[in-house]
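File shown here: model_6.cif, holding mmCIF, C-alpha atoms, pLDDT in the B column; chains and numbers go by the auth columns.
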data_my_file
#
loop_
_atom_site.group_PDB
_atom_site.id
_atom_site.type_symbol
_atom_site.label_atom_id
_atom_site.label_comp_id
_atom_site.label_asym_id
_atom_site.label_seq_id
_atom_site.Cartn_x
_atom_site.Cartn_y
_atom_site.Cartn_z
_atom_site.B_iso_or_equiv
_atom_site.auth_seq_id
_atom_site.auth_asym_id
ATOM 1 C CA MET A 1 9.767 0.277 -41.791 51.00 1 A
ATOM 2 C CA GLU A 2 9.614 -2.258 -38.996 56.00 2 A
ATOM 3 C CA GLU A 3 7.984 -1.120 -35.781 61.00 3 A
ATOM 4 C CA SER A 4 9.762 -2.012 -32.584 65.00 4 A
ATOM 5 C CA LYS A 5 7.492 -4.008 -30.321 78.00 5 A
ATOM 6 C CA GLN A 6 7.331 -3.216 -26.654 83.00 6 A
ATOM 7 C CA LYS A 7 6.764 -6.098 -24.283 89.00 7 A
ATOM 8 C CA ARG A 8 3.221 -6.024 -23.021 91.00 8 A
ATOM 9 C CA PRO A 9 3.326 -5.957 -19.208 94.00 9 A
ATOM 10 C CA ASP A 10 1.799 -8.907 -17.403 95.00 10 A
ATOM 11 C CA PHE A 11 -1.136 -8.140 -15.110 96.00 11 A
ATOM 12 C CA ASP A 12 0.986 -7.698 -11.978 97.00 12 A
ATOM 13 C CA GLU A 13 3.347 -5.291 -13.773 96.00 13 A
ATOM 14 C CA TYR A 14 0.374 -3.375 -15.193 97.00 14 A
ATOM 15 C CA MET A 15 -1.322 -2.969 -11.802 98.00 15 A
ATOM 16 C CA MET A 16 1.953 -2.026 -10.127 98.00 16 A
ATOM 17 C CA SER A 17 2.527 0.709 -12.698 98.00 17 A
ATOM 18 C CA ILE A 18 -0.894 2.110 -11.804 98.00 18 A
ATOM 19 C CA ALA A 19 -0.030 1.971 -8.077 98.00 19 A
ATOM 20 C CA VAL A 20 3.115 3.966 -8.881 98.00 20 A
ATOM 21 C CA GLY A 21 0.940 6.565 -10.626 98.00 21 A
ATOM 22 C CA VAL A 22 -1.467 6.676 -7.664 98.00 22 A
ATOM 23 C CA ARG A 23 1.359 7.365 -5.198 98.00 23 A
ATOM 24 C CA ALA A 24 2.047 10.672 -6.968 97.00 24 A
ATOM 25 C CA ARG A 25 -0.984 12.032 -5.049 96.00 25 A
ATOM 26 C CA ALA A 26 0.478 11.113 -1.629 96.00 26 A
ATOM 27 C CA ASN A 27 1.063 14.120 0.599 90.00 27 A
ATOM 28 C CA CYS A 28 2.988 12.510 3.453 87.00 28 A
ATOM 29 C CA LYS A 29 6.334 14.190 4.146 85.00 29 A
ATOM 30 C CA GLY A 30 7.855 10.767 4.816 83.00 30 A
ATOM 31 C CA SER A 31 7.065 8.026 2.339 88.00 31 A
ATOM 32 C CA HIS A 32 4.867 8.197 -0.744 95.00 32 A
ATOM 33 C CA VAL A 33 2.847 5.005 -1.169 97.00 33 A
ATOM 34 C CA GLY A 34 0.168 4.084 -3.700 98.00 34 A
ATOM 35 C CA ALA A 35 -2.243 1.139 -3.648 98.00 35 A
ATOM 36 C CA VAL A 36 -4.651 -0.456 -6.115 98.00 36 A
ATOM 37 C CA LEU A 37 -7.323 -3.044 -5.301 98.00 37 A
ATOM 38 C CA ALA A 38 -8.212 -5.273 -8.256 98.00 38 A
ATOM 39 C CA ARG A 39 -10.912 -7.935 -8.451 97.00 39 A
ATOM 40 C CA GLU A 40 -11.502 -10.167 -11.443 95.00 40 A
ATOM 41 C CA SER A 41 -8.801 -8.271 -13.370 93.00 41 A
ATOM 42 C CA HIS A 42 -10.476 -4.883 -12.842 97.00 42 A
ATOM 43 C CA ILE A 43 -9.572 -1.995 -10.573 98.00 43 A
ATOM 44 C CA VAL A 44 -12.135 -1.566 -7.814 98.00 44 A
ATOM 45 C CA SER A 45 -10.364 1.077 -5.705 98.00 45 A
ATOM 46 C CA THR A 46 -7.160 3.064 -5.250 98.00 46 A
ATOM 47 C CA GLY A 47 -5.536 4.855 -2.335 98.00 47 A
ATOM 48 C CA TYR A 48 -2.469 6.823 -1.361 97.00 48 A
ATOM 49 C CA ASN A 49 -1.107 7.843 2.013 95.00 49 A
ATOM 50 C CA GLY A 50 -1.953 11.176 3.553 93.00 50 A
ATOM 51 C CA THR A 51 -4.070 12.906 6.165 93.00 51 A
ATOM 52 C CA PRO A 52 -7.811 12.180 6.561 93.00 52 A
ATOM 53 C CA ARG A 53 -10.324 13.997 4.380 92.00 53 A
ATOM 54 C CA GLY A 54 -11.057 17.505 5.563 93.00 54 A
ATOM 55 C CA THR A 55 -7.821 17.909 7.535 93.00 55 A
ATOM 56 C CA ILE A 56 -4.703 19.895 6.678 92.00 56 A
ATOM 57 C CA ASN A 57 -2.395 17.922 4.408 91.00 57 A
ATOM 58 C CA CYS A 58 0.756 16.439 5.858 88.00 58 A
ATOM 59 C CA ASP A 59 2.967 18.416 3.497 87.00 59 A
ATOM 60 C CA GLU A 60 1.274 21.609 4.760 90.00 60 A
ATOM 61 C CA GLY A 61 1.959 20.860 8.449 87.00 61 A
ATOM 62 C CA GLY A 62 -1.140 18.790 9.215 88.00 62 A
ATOM 63 C CA CYS A 63 0.735 15.913 10.848 87.00 63 A
ATOM 64 C CA GLU A 64 2.754 16.641 13.999 87.00 64 A
ATOM 65 C CA ARG A 65 5.133 13.751 13.412 88.00 65 A
ATOM 66 C CA CYS A 66 5.930 14.776 9.855 85.00 66 A
ATOM 67 C CA ALA A 67 6.101 18.477 10.672 87.00 67 A
ATOM 68 C CA ASN A 68 8.740 17.772 13.331 87.00 68 A
ATOM 69 C CA ARG A 69 10.643 14.821 11.890 84.00 69 A
ATOM 70 C CA GLU A 70 13.839 15.724 13.781 87.00 70 A
ATOM 71 C CA GLU A 71 12.016 15.013 17.069 89.00 71 A
ATOM 72 C CA TYR A 72 10.845 11.562 15.968 85.00 72 A
ATOM 73 C CA PRO A 73 13.558 9.136 14.843 80.00 73 A
ATOM 74 C CA SER A 74 12.607 6.477 12.305 76.00 74 A
ATOM 75 C CA GLY A 75 10.206 3.976 13.814 74.00 75 A
ATOM 76 C CA THR A 76 8.912 6.286 16.567 81.00 76 A
ATOM 77 C CA GLY A 77 5.976 8.645 17.061 81.00 77 A
ATOM 78 C CA TYR A 78 3.469 6.596 15.073 80.00 78 A
ATOM 79 C CA ASP A 79 0.886 6.985 17.830 80.00 79 A
ATOM 80 C CA LEU A 80 0.526 10.679 16.961 83.00 80 A
ATOM 81 C CA CYS A 81 0.846 10.388 13.175 86.00 81 A
ATOM 82 C CA ILE A 82 -2.527 11.182 11.613 90.00 82 A
ATOM 83 C CA CYS A 83 -1.724 9.935 8.106 91.00 83 A
ATOM 84 C CA VAL A 84 -3.884 7.150 6.681 95.00 84 A
ATOM 85 C CA HIS A 85 -1.974 4.427 4.840 95.00 85 A
ATOM 86 C CA ALA A 86 -2.505 3.892 1.109 98.00 86 A
ATOM 87 C CA GLU A 87 -3.857 0.377 1.670 98.00 87 A
ATOM 88 C CA GLN A 88 -6.323 1.664 4.273 98.00 88 A
ATOM 89 C CA ASN A 89 -7.462 4.428 1.945 98.00 89 A
ATOM 90 C CA ALA A 90 -8.079 1.926 -0.874 98.00 90 A
ATOM 91 C CA LEU A 91 -10.188 -0.263 1.450 98.00 91 A
ATOM 92 C CA LEU A 92 -12.053 2.708 2.929 98.00 92 A
ATOM 93 C CA ALA A 93 -12.810 4.290 -0.455 97.00 93 A
ATOM 94 C CA ALA A 94 -14.289 1.003 -1.645 98.00 94 A
ATOM 95 C CA ALA A 95 -16.407 0.772 1.520 97.00 95 A
ATOM 96 C CA ARG A 96 -17.569 4.382 1.200 97.00 96 A
ATOM 97 C CA PHE A 97 -18.845 3.722 -2.313 97.00 97 A
ATOM 98 C CA GLY A 98 -20.267 0.263 -1.581 98.00 98 A
ATOM 99 C CA ILE A 99 -17.722 -1.685 -3.641 97.00 99 A
ATOM 100 C CA ALA A 100 -16.954 -5.228 -2.510 97.00 100 A
ATOM 101 C CA VAL A 101 -13.274 -6.032 -2.057 98.00 101 A
ATOM 102 C CA GLU A 102 -13.616 -9.658 -1.009 98.00 102 A
ATOM 103 C CA GLY A 103 -11.671 -11.815 -3.436 98.00 103 A
ATOM 104 C CA SER A 104 -9.423 -8.961 -4.597 98.00 104 A
ATOM 105 C CA LEU A 105 -5.668 -8.544 -4.849 98.00 105 A
ATOM 106 C CA LEU A 106 -3.953 -5.480 -3.451 98.00 106 A
ATOM 107 C CA TYR A 107 -1.048 -3.888 -5.325 98.00 107 A
ATOM 108 C CA THR A 108 1.042 -1.494 -3.260 98.00 108 A
ATOM 109 C CA THR A 109 4.329 0.265 -3.752 98.00 109 A
ATOM 110 C CA TRP A 110 5.477 -0.716 -0.213 97.00 110 A
ATOM 111 C CA ARG A 111 4.929 -4.001 1.581 96.00 111 A
ATOM 112 C CA PRO A 112 1.994 -3.463 3.997 96.00 112 A
ATOM 113 C CA CYS A 113 2.444 -2.939 7.720 93.00 113 A
ATOM 114 C CA PHE A 114 0.885 -5.121 10.443 94.00 114 A
ATOM 115 C CA GLY A 115 -2.249 -2.973 10.706 94.00 115 A
ATOM 116 C CA CYS A 116 -2.950 -2.877 6.977 96.00 116 A
ATOM 117 C CA THR A 117 -2.286 -6.616 6.730 97.00 117 A
ATOM 118 C CA LYS A 118 -4.892 -7.336 9.413 97.00 118 A
ATOM 119 C CA GLU A 119 -7.432 -5.030 7.769 98.00 119 A
ATOM 120 C CA MET A 120 -6.952 -6.623 4.347 98.00 120 A
ATOM 121 C CA LEU A 121 -7.333 -10.138 5.774 98.00 121 A
ATOM 122 C CA GLN A 122 -10.494 -9.072 7.601 98.00 122 A
ATOM 123 C CA ALA A 123 -11.907 -7.559 4.371 98.00 123 A
ATOM 124 C CA GLY A 124 -11.286 -10.780 2.420 98.00 124 A
ATOM 125 C CA VAL A 125 -8.387 -9.618 0.244 98.00 125 A
ATOM 126 C CA LEU A 126 -6.813 -12.753 -1.247 98.00 126 A
ATOM 127 C CA GLY A 127 -3.264 -11.574 -1.799 98.00 127 A
ATOM 128 C CA VAL A 128 -0.751 -8.751 -1.889 98.00 128 A
ATOM 129 C CA ARG A 129 1.732 -7.669 -4.542 98.00 129 A
ATOM 130 C CA TYR A 130 4.257 -5.087 -3.367 98.00 130 A
ATOM 131 C CA GLY A 131 7.059 -3.114 -4.950 98.00 131 A
ATOM 132 C CA GLN A 132 9.405 -2.174 -2.111 96.00 132 A
ATOM 133 C CA ASP A 133 10.096 -4.342 0.912 95.00 133 A
ATOM 134 C CA TRP A 134 10.598 -3.468 4.550 89.00 134 A
ATOM 135 C CA GLU A 135 11.079 -5.673 7.564 83.00 135 A
ATOM 136 C CA PRO A 136 9.758 -5.239 11.072 88.00 136 A
ATOM 137 C CA ARG A 137 12.118 -5.422 14.019 87.00 137 A
ATOM 138 C CA ALA A 138 13.845 -8.805 14.339 91.00 138 A
ATOM 139 C CA GLU A 139 11.691 -9.955 17.269 93.00 139 A
ATOM 140 C CA LEU A 140 8.476 -9.317 15.263 92.00 140 A
ATOM 141 C CA ARG A 141 9.452 -10.907 11.932 94.00 141 A
ATOM 142 C CA GLY A 142 8.065 -14.352 12.771 96.00 142 A
ATOM 143 C CA GLU A 143 4.661 -12.977 13.752 96.00 143 A
ATOM 144 C CA TYR A 144 4.588 -10.731 10.662 95.00 144 A
ATOM 145 C CA ALA A 145 5.372 -13.690 8.379 96.00 145 A
ATOM 146 C CA ARG A 146 2.763 -15.842 10.145 97.00 146 A
ATOM 147 C CA LEU A 147 0.122 -13.175 9.638 96.00 147 A
ATOM 148 C CA GLN A 148 0.962 -12.634 5.966 96.00 148 A
ATOM 149 C CA ASP A 149 0.895 -16.406 5.370 97.00 149 A
ATOM 150 C CA HIS A 150 -2.902 -16.202 5.705 98.00 150 A
ATOM 151 C CA PHE A 151 -3.340 -14.612 2.260 98.00 151 A
ATOM 152 C CA LYS A 152 -4.639 -17.391 -0.012 98.00 152 A
ATOM 153 C CA GLU A 153 -2.903 -15.866 -3.052 98.00 153 A
ATOM 154 C CA GLY A 154 0.261 -15.065 -1.098 98.00 154 A
ATOM 155 C CA VAL A 155 2.388 -11.966 -0.659 98.00 155 A
ATOM 156 C CA LYS A 156 4.800 -11.450 -3.543 97.00 156 A
ATOM 157 C CA GLU A 157 7.259 -8.821 -4.643 97.00 157 A
ATOM 158 C CA VAL A 158 6.705 -7.247 -8.083 96.00 158 A
ATOM 159 C CA GLU A 159 9.379 -5.080 -9.644 94.00 159 A
ATOM 160 C CA LEU A 160 8.505 -1.393 -9.646 93.00 160 A
ATOM 161 C CA PRO A 161 8.487 0.205 -13.099 91.00 161 A
#
Once you've parsed the file, please lay out its structure as structure tokens.
Amino acid sequence: MEESKQKRPDFDEYMMSIAVGVRARANCKGSHVGAVLARESHIVSTGYNGTPRGTINCDEGGCERCANREEYPSGTGYDLCICVHAEQNALLAAARFGIAVEGSLLYTTWRPCFGCTKEMLQAGVLGVRYGQDWEPRAELRGEYARLQDHFKEGVKEVELP
């Protein structure tokens, strides 16, 4: 009996599948995002979006913006949202446990926002692989692209599993 062979995922596909698994822990009432930081082909940290440690989870009413979504149209009310992004949580978890992230790649299920992009560049992350794209408002797209051009290993889309 001949066994059917499954294609072995390449490294980007493998890491993205782990990021998809990580996002299952997200407790934001809006988007569920998962992130994986990998250095030298090894996972160094993971993160998902949700409220800060020790606070009430978003899906339990902990975030005003998410609890009252009808009052905050898409793209508004971020100044009162208390959720921490998946990419931020991956960076912060590594810092909390003394794990270096310089020279790593970040795999995330959504393309990172401006803030997360700046934080990753400052931490020495070399590149980003994302599963789902989004675009900032038209007048900000040039600045967003210019900022993301600073990743030495680039910003590339990887198909979500």
Could you name the residues that touch Gly75 in chain A at 12 Å or less, counting only C-alpha atoms, but leaving out those on the same chain fewer than 3 positions away, as a ChimeraX atom specification?
/A:30,65,69,71-72,78-79,81,134-137
Expected file contents, prior selection, C-alpha atoms, as an mmCIF file, keeping the file's coordinate frame:
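Output (result-v3.cif):
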data_model
loop_
_atom_site.group_PDB
_atom_site.id
_atom_site.type_symbol
_atom_site.label_atom_id
_atom_site.label_comp_id
_atom_site.auth_asym_id
_atom_site.auth_seq_id
_atom_site.Cartn_x
_atom_site.Cartn_y
_atom_site.Cartn_z
ATOM 1 C CA GLY A 30 7.855 10.767 4.816
ATOM 2 C CA ARG A 65 5.133 13.751 13.412
ATOM 3 C CA ARG A 69 10.643 14.821 11.890
ATOM 4 C CA GLU A 71 12.016 15.013 17.069
ATOM 5 C CA TYR A 72 10.845 11.562 15.968
ATOM 6 C CA TYR A 78 3.469 6.596 15.073
ATOM 7 C CA ASP A 79 0.886 6.985 17.830
ATOM 8 C CA CYS A 81 0.846 10.388 13.175
ATOM 9 C CA TRP A 134 10.598 -3.468 4.550
ATOM 10 C CA GLU A 135 11.079 -5.673 7.564
ATOM 11 C CA PRO A 136 9.758 -5.239 11.072
ATOM 12 C CA ARG A 137 12.118 -5.422 14.019
#
If we count all atoms listed in the file, what is near range 126-133 of chain A at a cut-off of 6 Å, once residues fewer than 2 positions away on the same chain are taken out, given as a PyMOL selection string?
chain A and resi 103-111+151-160
Would you please work out which residue, of A:Ala138, A:Gly50, A:Arg146, A:Ala86, is nearest to Leu37 in chain A when using all atoms listed in the file?
A:Ala86
Using CA of Tyr48 in chain A and CA of Lys7 in chain A as the two end points, give the distance in Å to one decimal.
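Rounded to one decimal, the two atoms are 27.9 Å apart.
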Name all residues at most 10 Å from Gly21 in chain A (count only C-alpha atoms; drop same-chain ones fewer than 4 positions away) and give them as an mmCIF file with C-alpha atoms, in the frame of the given file.
data_model
loop_
_atom_site.group_PDB
_atom_site.id
_atom_site.type_symbol
_atom_site.label_atom_id
_atom_site.label_comp_id
_atom_site.auth_asym_id
_atom_site.auth_seq_id
_atom_site.Cartn_x
_atom_site.Cartn_y
_atom_site.Cartn_z
ATOM 1 C CA MET A 15 -1.322 -2.969 -11.802
ATOM 2 C CA MET A 16 1.953 -2.026 -10.127
ATOM 3 C CA SER A 17 2.527 0.709 -12.698
ATOM 4 C CA ARG A 25 -0.984 12.032 -5.049
ATOM 5 C CA VAL A 33 2.847 5.005 -1.169
ATOM 6 C CA GLY A 34 0.168 4.084 -3.700
ATOM 7 C CA ALA A 35 -2.243 1.139 -3.648
ATOM 8 C CA TYR A 48 -2.469 6.823 -1.361
ATOM 9 C CA THR A 109 4.329 0.265 -3.752
#
Give me the residues of range 15-82 of chain A that have any atom at most 10 Å from an atom of range 92-99 of chain A; for each, the nearest atom pair and the distance in Å, rounded to one decimal. Use only C-alpha atoms, sort by chain and number, and format it as CSV.
residue,atom,partner,partner_atom,distance
A:Leu37,CA,A:Ala94,CA,8.8
A:Val44,CA,A:Ile99,CA,7.0
A:Ser45,CA,A:Ala94,CA,5.6
A:Thr46,CA,A:Ala93,CA,7.5
A:Gly47,CA,A:Ala93,CA,7.5
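The closest residue to Leu121 in chain A, picked from A:Glu40, A:Glu87, A:Asp10, A:Asp59 and counting all atoms listed in the file, is A:Glu87.
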Residue by residue, what does the PyMOL selection byres ((chain A and resi 114-118) around 8) grab here? Present the result as a ChimeraX atom specification.
/A:85,87-88,112-113,119-122,144,147-148
File of the preceding selection, C-alpha atoms, as a JSON list (two decimals), in the frame of the given file:
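Result saved to out_23.json:
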[["chain", "number", "residue", "atom", "x", "y", "z"],
["A", 85, "HIS", "CA", -1.97, 4.43, 4.84],
["A", 87, "GLU", "CA", -3.86, 0.38, 1.67],
["A", 88, "GLN", "CA", -6.32, 1.66, 4.27],
["A", 112, "PRO", "CA", 1.99, -3.46, 4.00],
["A", 113, "CYS", "CA", 2.44, -2.94, 7.72],
["A", 119, "GLU", "CA", -7.43, -5.03, 7.77],
["A", 120, "MET", "CA", -6.95, -6.62, 4.35],
["A", 121, "LEU", "CA", -7.33, -10.14, 5.77],
["A", 122, "GLN", "CA", -10.49, -9.07, 7.60],
["A", 144, "TYR", "CA", 4.59, -10.73, 10.66],
["A", 147, "LEU", "CA", 0.12, -13.18, 9.64],
["A", 148, "GLN", "CA", 0.96, -12.63, 5.97]]
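If you look at CA of Ala38 in chain A and CA of Gly124 in chain A, they are 12.4 Å away from each other.
With CA of Ala24 in chain A on one side and CA of Pro161 in chain A on the other, the separation reads 13.7 Å.
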Report as a PyMOL selection string the residues that result from applying the PyMOL selection byres ((chain A and resi 52) around 10) to the structure here.
chain A and resi 49-51+53-58+62+82-85+89
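Closest to Ala100 in chain A among A:Arg39, A:Pro73, A:Cys63, A:Leu80 is A:Arg39, based on all atoms listed in the file.
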For a quick check of understanding, using all atoms listed in the file, which of A:His42, A:Arg8, A:Tyr14, A:Gly61 has the smallest distance to Asn27 in chain A?
A:Gly61
Reconstructed all heavy atoms for range 18-29 of chain A, given as a compact mmCIF listing (two decimals), in the frame of the given file:
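As written to disk, rebuild-v3.txt reads:
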# COMPACT_ATOMS: atom_id res chain seq x y z
N ILE A 18 0.21 1.23 -12.21
CA ILE A 18 -0.89 2.11 -11.80
C ILE A 18 -0.71 2.54 -10.35
O ILE A 18 -0.91 3.71 -10.01
CB ILE A 18 -2.26 1.43 -12.05
CG1 ILE A 18 -2.46 1.24 -13.56
CG2 ILE A 18 -3.40 2.26 -11.45
CD1 ILE A 18 -3.63 0.36 -13.93
N ALA A 19 -0.29 1.62 -9.48
CA ALA A 19 -0.03 1.97 -8.08
C ALA A 19 1.06 3.04 -7.98
O ALA A 19 0.97 3.96 -7.16
CB ALA A 19 0.37 0.72 -7.28
N VAL A 20 2.06 2.95 -8.85
CA VAL A 20 3.12 3.97 -8.88
C VAL A 20 2.51 5.31 -9.27
O VAL A 20 2.84 6.35 -8.68
CB VAL A 20 4.26 3.55 -9.84
CG1 VAL A 20 5.18 4.72 -10.13
CG2 VAL A 20 5.03 2.39 -9.25
N GLY A 21 1.61 5.33 -10.24
CA GLY A 21 0.94 6.56 -10.63
C GLY A 21 0.09 7.13 -9.50
O GLY A 21 0.08 8.34 -9.26
N VAL A 22 -0.61 6.26 -8.77
CA VAL A 22 -1.47 6.68 -7.66
C VAL A 22 -0.64 7.33 -6.55
O VAL A 22 -1.06 8.32 -5.95
CB VAL A 22 -2.28 5.48 -7.12
CG1 VAL A 22 -3.00 5.83 -5.82
CG2 VAL A 22 -3.29 5.00 -8.17
N ARG A 23 0.56 6.81 -6.30
CA ARG A 23 1.36 7.36 -5.20
C ARG A 23 1.79 8.81 -5.45
O ARG A 23 2.17 9.50 -4.50
CB ARG A 23 2.56 6.48 -4.89
CG ARG A 23 3.74 6.67 -5.80
CD ARG A 23 4.91 5.83 -5.37
NE ARG A 23 5.95 5.89 -6.38
CZ ARG A 23 7.00 5.14 -6.40
NH1 ARG A 23 7.19 4.24 -5.44
NH2 ARG A 23 7.89 5.25 -7.36
N ALA A 24 1.70 9.27 -6.67
CA ALA A 24 2.05 10.67 -6.97
C ALA A 24 1.13 11.65 -6.22
O ALA A 24 1.48 12.80 -6.01
CB ALA A 24 1.99 10.93 -8.47
N ARG A 25 -0.05 11.19 -5.80
CA ARG A 25 -0.98 12.03 -5.05
C ARG A 25 -0.68 12.06 -3.55
O ARG A 25 -1.25 12.87 -2.82
CB ARG A 25 -2.42 11.53 -5.25
CG ARG A 25 -2.97 11.74 -6.62
CD ARG A 25 -3.45 13.14 -6.87
NE ARG A 25 -4.42 13.56 -5.87
CZ ARG A 25 -4.64 14.82 -5.52
NH1 ARG A 25 -3.97 15.79 -6.09
NH2 ARG A 25 -5.55 15.13 -4.62
N ALA A 26 0.19 11.19 -3.06
CA ALA A 26 0.48 11.11 -1.63
C ALA A 26 1.02 12.45 -1.14
O ALA A 26 1.79 13.11 -1.83
CB ALA A 26 1.49 10.00 -1.36
N ASN A 27 0.59 12.84 0.06
CA ASN A 27 1.06 14.12 0.60
C ASN A 27 1.81 13.96 1.92
O ASN A 27 2.06 14.93 2.60
CB ASN A 27 -0.08 15.13 0.71
CG ASN A 27 -1.15 14.70 1.68
OD1 ASN A 27 -0.88 14.30 2.79
ND2 ASN A 27 -2.40 14.79 1.25
N CYS A 28 2.20 12.75 2.25
CA CYS A 28 2.99 12.51 3.45
C CYS A 28 4.40 13.07 3.23
O CYS A 28 4.95 12.95 2.14
CB CYS A 28 3.06 11.01 3.74
SG CYS A 28 4.01 10.62 5.22
N LYS A 29 4.97 13.67 4.26
CA LYS A 29 6.33 14.19 4.15
C LYS A 29 7.37 13.08 4.28
O LYS A 29 8.54 13.30 4.00
CB LYS A 29 6.58 15.27 5.20
CG LYS A 29 5.81 16.55 4.89
CD LYS A 29 6.11 17.62 5.90
CE LYS A 29 7.48 18.21 5.61
NZ LYS A 29 7.80 19.35 6.47
